[in-house]
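**Q** Below you'll find work_6.cif; it's mmCIF, C-alpha atoms.
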```cif
data_data
#
loop_
_atom_site.group_PDB
_atom_site.id
_atom_site.type_symbol
_atom_site.label_atom_id
_atom_site.label_comp_id
_atom_site.auth_asym_id
_atom_site.auth_seq_id
_atom_site.Cartn_x
_atom_site.Cartn_y
_atom_site.Cartn_z
ATOM 1 C CA ILE X 529 131.632 91.971 115.430
ATOM 2 C CA GLN X 530 135.329 91.457 116.228
ATOM 3 C CA ALA X 531 135.837 95.236 116.381
ATOM 4 C CA GLY X 532 132.732 95.797 118.520
ATOM 5 C CA ALA X 533 130.969 97.851 115.853
ATOM 6 C CA GLY X 534 127.201 98.182 115.880
ATOM 7 C CA ILE X 535 125.125 96.029 113.573
ATOM 8 C CA ASP X 536 122.534 97.542 111.241
ATOM 9 C CA HIS X 537 121.687 95.870 107.946
ATOM 10 C CA GLU X 538 118.751 94.478 105.978
ATOM 11 C CA PHE X 539 118.339 91.154 104.260
ATOM 12 C CA ARG X 540 115.657 89.002 102.652
ATOM 13 C CA ILE X 541 114.385 85.669 103.846
ATOM 14 C CA VAL X 542 112.203 83.173 102.016
ATOM 15 C CA LEU X 543 109.555 81.472 104.139
ATOM 16 C CA HIS X 544 108.422 77.861 103.718
ATOM 17 C CA ASP X 545 105.406 79.019 101.687
ATOM 18 C CA GLY X 546 107.729 80.822 99.235
ATOM 19 C CA SER X 547 106.857 84.321 100.409
ATOM 20 C CA ILE X 548 109.661 86.823 100.845
ATOM 21 C CA ARG X 549 110.100 88.968 103.943
ATOM 22 C CA TRP X 550 112.592 91.781 104.536
ATOM 23 C CA ILE X 551 114.349 91.822 107.898
ATOM 24 C CA ARG X 552 116.307 94.645 109.502
ATOM 25 C CA ASP X 553 118.961 93.338 111.881
ATOM 26 C CA ARG X 554 120.119 95.805 114.554
ATOM 27 C CA GLY X 555 122.405 95.101 117.445
ATOM 28 C CA LEU X 556 125.262 96.074 119.692
ATOM 29 C CA VAL X 557 128.339 94.022 120.450
ATOM 30 C CA GLU X 558 129.317 93.734 124.100
ATOM 31 C CA LEU X 559 133.051 93.426 124.619
ATOM 32 C CA ASP X 560 134.774 91.798 127.583
ATOM 33 C CA GLY X 561 137.526 93.457 129.643
ATOM 34 C CA HIS X 562 140.119 92.562 127.006
ATOM 35 C CA GLY X 563 138.174 94.117 124.114
ATOM 36 C CA GLN X 564 137.020 90.756 122.777
ATOM 37 C CA PRO X 565 133.412 90.165 121.694
ATOM 38 C CA LEU X 566 131.428 88.648 124.540
ATOM 39 C CA ARG X 567 127.869 88.695 123.230
ATOM 40 C CA VAL X 568 125.575 90.482 120.811
ATOM 41 C CA HIS X 569 122.389 92.203 121.939
ATOM 42 C CA GLY X 570 119.964 92.921 119.166
ATOM 43 C CA MET X 571 116.734 92.369 117.370
ATOM 44 C CA ASN X 572 115.373 91.488 113.974
ATOM 45 C CA ILE X 573 112.526 93.663 112.728
ATOM 46 C CA ASP X 574 110.207 92.700 109.858
ATOM 47 C CA VAL X 575 110.320 95.739 107.533
ATOM 48 C CA THR X 576 108.544 94.111 104.589
ATOM 49 C CA GLU X 577 105.638 96.579 104.551
ATOM 50 C CA ALA X 578 108.005 99.559 104.594
ATOM 51 C CA LYS X 579 110.068 98.047 101.741
ATOM 52 C CA GLU X 580 106.912 97.434 99.695
ATOM 53 C CA ALA X 581 105.736 101.005 100.341
ATOM 54 C CA GLN X 582 109.142 102.350 99.237
ATOM 55 C CA ALA X 583 108.982 100.296 96.043
ATOM 56 C CA ALA X 584 105.412 101.452 95.309
ATOM 57 C CA LEU X 585 106.398 105.084 95.864
ATOM 58 C CA ALA X 586 109.427 104.746 93.589
ATOM 59 C CA GLU X 587 107.233 103.228 90.866
ATOM 60 C CA SER X 588 104.659 105.996 91.247
ATOM 61 C CA VAL X 589 107.341 108.695 91.041
ATOM 62 C CA ALA X 590 108.805 107.056 87.924
ATOM 63 C CA GLN X 591 105.391 106.878 86.235
ATOM 64 C CA PHE X 592 104.595 110.497 87.088
ATOM 65 C CA SER X 593 108.000 111.667 85.873
ATOM 66 C CA HIS X 594 107.592 109.785 82.602
ATOM 67 C CA THR X 595 104.116 111.252 82.048
ATOM 68 C CA PHE X 596 105.243 114.784 82.993
ATOM 69 C CA HIS X 597 108.310 114.824 80.772
ATOM 70 C CA ASN X 598 106.773 113.020 77.783
ATOM 71 C CA ALA X 599 103.324 114.626 77.656
ATOM 72 C CA PRO X 600 102.495 116.012 74.203
ATOM 73 C CA VAL X 601 101.400 119.288 75.849
ATOM 74 C CA GLY X 602 103.254 121.949 77.803
ATOM 75 C CA VAL X 603 103.360 121.105 81.506
ATOM 76 C CA ALA X 604 104.946 123.020 84.363
ATOM 77 C CA HIS X 605 105.108 122.972 88.128
ATOM 78 C CA VAL X 606 104.670 126.536 89.317
ATOM 79 C CA ALA X 607 105.310 127.867 92.839
ATOM 80 C CA PRO X 608 102.631 129.961 94.574
ATOM 81 C CA ASP X 609 104.606 133.102 93.650
ATOM 82 C CA GLY X 610 104.564 132.109 89.956
ATOM 83 C CA ARG X 611 108.154 130.836 89.629
ATOM 84 C CA PHE X 612 108.638 127.836 87.378
ATOM 85 C CA LEU X 613 109.843 124.887 89.444
ATOM 86 C CA GLU X 614 109.897 122.322 86.628
ATOM 87 C CA VAL X 615 108.961 122.373 82.965
ATOM 88 C CA ASN X 616 108.679 119.685 80.334
ATOM 89 C CA THR X 617 110.325 119.596 76.913
ATOM 90 C CA TYR X 618 107.111 120.359 75.035
ATOM 91 C CA LEU X 619 106.594 123.590 77.000
ATOM 92 C CA CYS X 620 110.176 124.646 76.231
ATOM 93 C CA GLU X 621 109.631 123.981 72.540
ATOM 94 C CA PHE X 622 106.226 125.704 72.525
ATOM 95 C CA LEU X 623 107.639 128.836 74.181
ATOM 96 C CA ASP X 624 110.928 128.596 72.241
ATOM 97 C CA ARG X 625 112.892 128.869 75.489
ATOM 98 C CA GLU X 626 115.591 126.756 77.112
ATOM 99 C CA ARG X 627 114.658 124.869 80.284
ATOM 100 C CA GLU X 628 117.220 126.803 82.362
ATOM 101 C CA GLU X 629 115.805 130.101 81.122
ATOM 102 C CA LEU X 630 112.253 129.147 82.040
ATOM 103 C CA LEU X 631 113.381 128.004 85.484
ATOM 104 C CA SER X 632 114.826 131.477 86.056
ATOM 105 C CA LEU X 633 111.505 133.132 85.175
ATOM 106 C CA SER X 634 108.040 133.236 86.618
ATOM 107 C CA PHE X 635 104.714 132.581 84.958
ATOM 108 C CA LYS X 636 104.040 136.319 85.274
ATOM 109 C CA ASP X 637 107.128 137.088 83.153
ATOM 110 C CA LEU X 638 105.532 135.286 80.203
ATOM 111 C CA THR X 639 101.930 136.450 80.444
ATOM 112 C CA HIS X 640 100.371 139.763 79.527
#
```
Show this structure as structure tokens.
**A**
Amino acid sequence: IQAGAGIDHEFRIVLHDGSIRWIRDRGLVELDGHGQPLRVHGMNIDVTEAKEAQAALAESVAQFSHTFHNAPVGVAHVAPDGRFLEVNTYLCEFLDREREELLSLSFKDLTH
């Protein structure tokens, strides 16, 4: 605030009922003619729903990644043109190929 920098940060608050809310604090510092802080203009925005959605997405991605990489069957993400985008360890072992090698090939390179 002393330097007149903008404000943009997030923090948690605990309400009287014990629930937790996430707040995003954004503001601008107005300086006087001598470069000293005069007042702050800003707002606090409740971003709890967005934070919860981010956490749910991160959990979903982690679960999918764990399932993909630890499945006891060969699994791959393949682009529309047949290129391997991602492969799991079991597929590498089954095809006796290194991951990097498979990622440089397409599905068509391995099928008759």
**Q** Quick one: residues within 8 Å of (108.4, 128.5, 86.2) (file frame), counting only C-alpha atoms, please, as a PyMOL selection string.
**A** chain X and resi 604-607+610-615+630-635
**Q** For segment 538-548 of chain X, I'd like the enclosing box, axis-aligned and padded by 8 Å on every side, reported as AutoDock Vina command-line options with centre and edge lengths in Å to one decimal.
**A**
```
--center_x 112.1 --center_y 86.2 --center_z 102.6 --size_x 29.3 --size_y 32.6 --size_z 22.7
```
**Q** Take atom CA of Asp536 of chain X and atom CA of Glu558 of chain X and report the distance between them in Å, one decimal.
**A**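 Those two atoms sit 15.0 Å apart.
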**Q** Evaluate the PyMOL selection byres ((chain X and resi 556) around 10) on the structure here and hand back the selected residues as number ranges by chain.
**A** X: 529, 532-536, 554-555, 557-559, 567-571
**Q** Translate the PyMOL selection byres ((chain X and resi 575) around 12), as applied to the file shown, into an explicit residue set as a compact mmCIF listing (two decimals) with C-alpha atoms, in the coordinates of the input.
**A**
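What ended up in out.txt:
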```txt
# COMPACT_ATOMS: atom_id res chain seq x y z
CA HIS X 537 121.69 95.87 107.95
CA GLU X 538 118.75 94.48 105.98
CA PHE X 539 118.34 91.15 104.26
CA ARG X 540 115.66 89.00 102.65
CA ILE X 541 114.38 85.67 103.85
CA ILE X 548 109.66 86.82 100.84
CA ARG X 549 110.10 88.97 103.94
CA TRP X 550 112.59 91.78 104.54
CA ILE X 551 114.35 91.82 107.90
CA ARG X 552 116.31 94.64 109.50
CA ASP X 553 118.96 93.34 111.88
CA ASN X 572 115.37 91.49 113.97
CA ILE X 573 112.53 93.66 112.73
CA ASP X 574 110.21 92.70 109.86
CA THR X 576 108.54 94.11 104.59
CA GLU X 577 105.64 96.58 104.55
CA ALA X 578 108.00 99.56 104.59
CA LYS X 579 110.07 98.05 101.74
CA GLU X 580 106.91 97.43 99.70
CA ALA X 581 105.74 101.00 100.34
CA GLN X 582 109.14 102.35 99.24
```
**Q** In Å, with one decimal, what is the gap from atom CA of Lys636 of chain X to atom CA of Asn598 of chain X?
**A**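 Between these atoms lies a distance of 24.6 Å.
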**Q** May I ask which of the residues X:Ala590, X:Asp609, X:Thr639, X:Gly563 is the closest one to Leu623 of chain X, counting only C-alpha atoms?
**A**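 Closest to Leu623 of chain X, using only C-alpha atoms: X:Thr639.
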**Q** Calculate how many Å separate atom CA of Ser593 of chain X from atom CA of Asp637 of chain X, rounding to one decimal.
**A**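 About the pair atom CA of Ser593 of chain X and atom CA of Asp637 of chain X: they are 25.6 Å apart.
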**Q** Which residue out of X:Gly602, X:Pro608, X:Gly546, X:Gln530 has the minimum interatomic distance to Cys620 of chain X when all atoms listed in the file are used?
**A**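 Using all atoms listed in the file, Cys620 of chain X sits closest to X:Gly602.
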**Q** Please rebuild segment 569-580 of chain X with all heavy atoms and return the result as a PDB file, in the frame of the given file.
**A**
```
ATOM      1  N   HIS X 569     123.764  91.888 121.547  1.00  0.00           N
ATOM      2  CA  HIS X 569     122.389  92.203 121.939  1.00  0.00           C
ATOM      3  C   HIS X 569     121.730  92.830 120.712  1.00  0.00           C
ATOM      4  O   HIS X 569     122.282  93.759 120.124  1.00  0.00           O
ATOM      5  CB  HIS X 569     122.351  93.232 123.073  1.00  0.00           C
ATOM      6  CG  HIS X 569     123.093  92.809 124.290  1.00  0.00           C
ATOM      7  ND1 HIS X 569     122.517  92.045 125.261  1.00  0.00           N
ATOM      8  CD2 HIS X 569     124.375  93.035 124.683  1.00  0.00           C
ATOM      9  CE1 HIS X 569     123.403  91.828 126.219  1.00  0.00           C
ATOM     10  NE2 HIS X 569     124.543  92.413 125.889  1.00  0.00           N
ATOM     11  N   GLY X 570     120.588  92.337 120.339  1.00  0.00           N
ATOM     12  CA  GLY X 570     119.964  92.921 119.166  1.00  0.00           C
ATOM     13  C   GLY X 570     118.578  92.406 118.915  1.00  0.00           C
ATOM     14  O   GLY X 570     117.985  91.697 119.739  1.00  0.00           O
ATOM     15  N   MET X 571     118.066  92.792 117.767  1.00  0.00           N
ATOM     16  CA  MET X 571     116.734  92.369 117.370  1.00  0.00           C
ATOM     17  C   MET X 571     116.645  92.342 115.858  1.00  0.00           C
ATOM     18  O   MET X 571     117.398  93.008 115.161  1.00  0.00           O
ATOM     19  CB  MET X 571     115.689  93.317 117.943  1.00  0.00           C
ATOM     20  CG  MET X 571     115.746  94.717 117.386  1.00  0.00           C
ATOM     21  SD  MET X 571     114.515  95.763 118.135  1.00  0.00           S
ATOM     22  CE  MET X 571     115.597  96.932 118.930  1.00  0.00           C
ATOM     23  N   ASN X 572     115.723  91.544 115.391  1.00  0.00           N
ATOM     24  CA  ASN X 572     115.373  91.488 113.974  1.00  0.00           C
ATOM     25  C   ASN X 572     113.969  92.056 113.846  1.00  0.00           C
ATOM     26  O   ASN X 572     113.069  91.640 114.574  1.00  0.00           O
ATOM     27  CB  ASN X 572     115.410  90.056 113.449  1.00  0.00           C
ATOM     28  CG  ASN X 572     116.817  89.524 113.355  1.00  0.00           C
ATOM     29  OD1 ASN X 572     117.723  90.239 112.965  1.00  0.00           O
ATOM     30  ND2 ASN X 572     117.014  88.273 113.710  1.00  0.00           N
ATOM     31  N   ILE X 573     113.806  92.992 112.924  1.00  0.00           N
ATOM     32  CA  ILE X 573     112.526  93.663 112.728  1.00  0.00           C
ATOM     33  C   ILE X 573     112.042  93.371 111.313  1.00  0.00           C
ATOM     34  O   ILE X 573     112.783  93.557 110.350  1.00  0.00           O
ATOM     35  CB  ILE X 573     112.678  95.179 112.923  1.00  0.00           C
ATOM     36  CG1 ILE X 573     113.314  95.488 114.275  1.00  0.00           C
ATOM     37  CG2 ILE X 573     111.339  95.889 112.775  1.00  0.00           C
ATOM     38  CD1 ILE X 573     113.871  96.892 114.389  1.00  0.00           C
ATOM     39  N   ASP X 574     110.788  92.933 111.178  1.00  0.00           N
ATOM     40  CA  ASP X 574     110.207  92.700 109.858  1.00  0.00           C
ATOM     41  C   ASP X 574     109.844  94.056 109.252  1.00  0.00           C
ATOM     42  O   ASP X 574     108.970  94.757 109.745  1.00  0.00           O
ATOM     43  CB  ASP X 574     108.968  91.814 109.981  1.00  0.00           C
ATOM     44  CG  ASP X 574     108.387  91.411 108.633  1.00  0.00           C
ATOM     45  OD1 ASP X 574     108.626  92.112 107.640  1.00  0.00           O
ATOM     46  OD2 ASP X 574     107.674  90.389 108.591  1.00  0.00           O
ATOM     47  N   VAL X 575     110.546  94.447 108.186  1.00  0.00           N
ATOM     48  CA  VAL X 575     110.320  95.739 107.533  1.00  0.00           C
ATOM     49  C   VAL X 575     109.740  95.554 106.131  1.00  0.00           C
ATOM     50  O   VAL X 575     109.858  96.441 105.278  1.00  0.00           O
ATOM     51  CB  VAL X 575     111.622  96.576 107.487  1.00  0.00           C
ATOM     52  CG1 VAL X 575     112.059  96.985 108.894  1.00  0.00           C
ATOM     53  CG2 VAL X 575     112.738  95.830 106.770  1.00  0.00           C
ATOM     54  N   THR X 576     109.085  94.426 105.910  1.00  0.00           N
ATOM     55  CA  THR X 576     108.544  94.111 104.589  1.00  0.00           C
ATOM     56  C   THR X 576     107.558  95.175 104.111  1.00  0.00           C
ATOM     57  O   THR X 576     107.640  95.632 102.965  1.00  0.00           O
ATOM     58  CB  THR X 576     107.865  92.731 104.602  1.00  0.00           C
ATOM     59  OG1 THR X 576     108.814  91.762 105.056  1.00  0.00           O
ATOM     60  CG2 THR X 576     107.349  92.350 103.233  1.00  0.00           C
ATOM     61  N   GLU X 577     106.629  95.583 104.965  1.00  0.00           N
ATOM     62  CA  GLU X 577     105.638  96.579 104.551  1.00  0.00           C
ATOM     63  C   GLU X 577     106.300  97.896 104.167  1.00  0.00           C
ATOM     64  O   GLU X 577     105.910  98.525 103.178  1.00  0.00           O
ATOM     65  CB  GLU X 577     104.608  96.793 105.653  1.00  0.00           C
ATOM     66  CG  GLU X 577     103.665  95.625 105.823  1.00  0.00           C
ATOM     67  CD  GLU X 577     102.605  95.874 106.897  1.00  0.00           C
ATOM     68  OE1 GLU X 577     102.375  97.042 107.264  1.00  0.00           O
ATOM     69  OE2 GLU X 577     102.016  94.882 107.350  1.00  0.00           O
ATOM     70  N   ALA X 578     107.302  98.313 104.922  1.00  0.00           N
ATOM     71  CA  ALA X 578     108.005  99.559 104.594  1.00  0.00           C
ATOM     72  C   ALA X 578     108.736  99.423 103.258  1.00  0.00           C
ATOM     73  O   ALA X 578     108.726 100.345 102.437  1.00  0.00           O
ATOM     74  CB  ALA X 578     108.988  99.925 105.708  1.00  0.00           C
ATOM     75  N   LYS X 579     109.368  98.281 103.013  1.00  0.00           N
ATOM     76  CA  LYS X 579     110.068  98.047 101.741  1.00  0.00           C
ATOM     77  C   LYS X 579     109.086  98.077 100.571  1.00  0.00           C
ATOM     78  O   LYS X 579     109.374  98.643  99.516  1.00  0.00           O
ATOM     79  CB  LYS X 579     110.782  96.696 101.758  1.00  0.00           C
ATOM     80  CG  LYS X 579     112.065  96.697 102.531  1.00  0.00           C
ATOM     81  CD  LYS X 579     113.118  97.451 101.774  1.00  0.00           C
ATOM     82  CE  LYS X 579     114.488  97.068 102.254  1.00  0.00           C
ATOM     83  NZ  LYS X 579     115.527  97.839 101.574  1.00  0.00           N
ATOM     84  N   GLU X 580     107.925  97.443 100.756  1.00  0.00           N
ATOM     85  CA  GLU X 580     106.912  97.434  99.695  1.00  0.00           C
ATOM     86  C   GLU X 580     106.380  98.841  99.436  1.00  0.00           C
ATOM     87  O   GLU X 580     106.156  99.228  98.287  1.00  0.00           O
ATOM     88  CB  GLU X 580     105.783  96.477 100.065  1.00  0.00           C
ATOM     89  CG  GLU X 580     106.210  95.017 100.018  1.00  0.00           C
ATOM     90  CD  GLU X 580     105.182  94.052 100.602  1.00  0.00           C
ATOM     91  OE1 GLU X 580     104.206  94.517 101.242  1.00  0.00           O
ATOM     92  OE2 GLU X 580     105.369  92.839 100.418  1.00  0.00           O
TER      93      GLU X 580
END
```
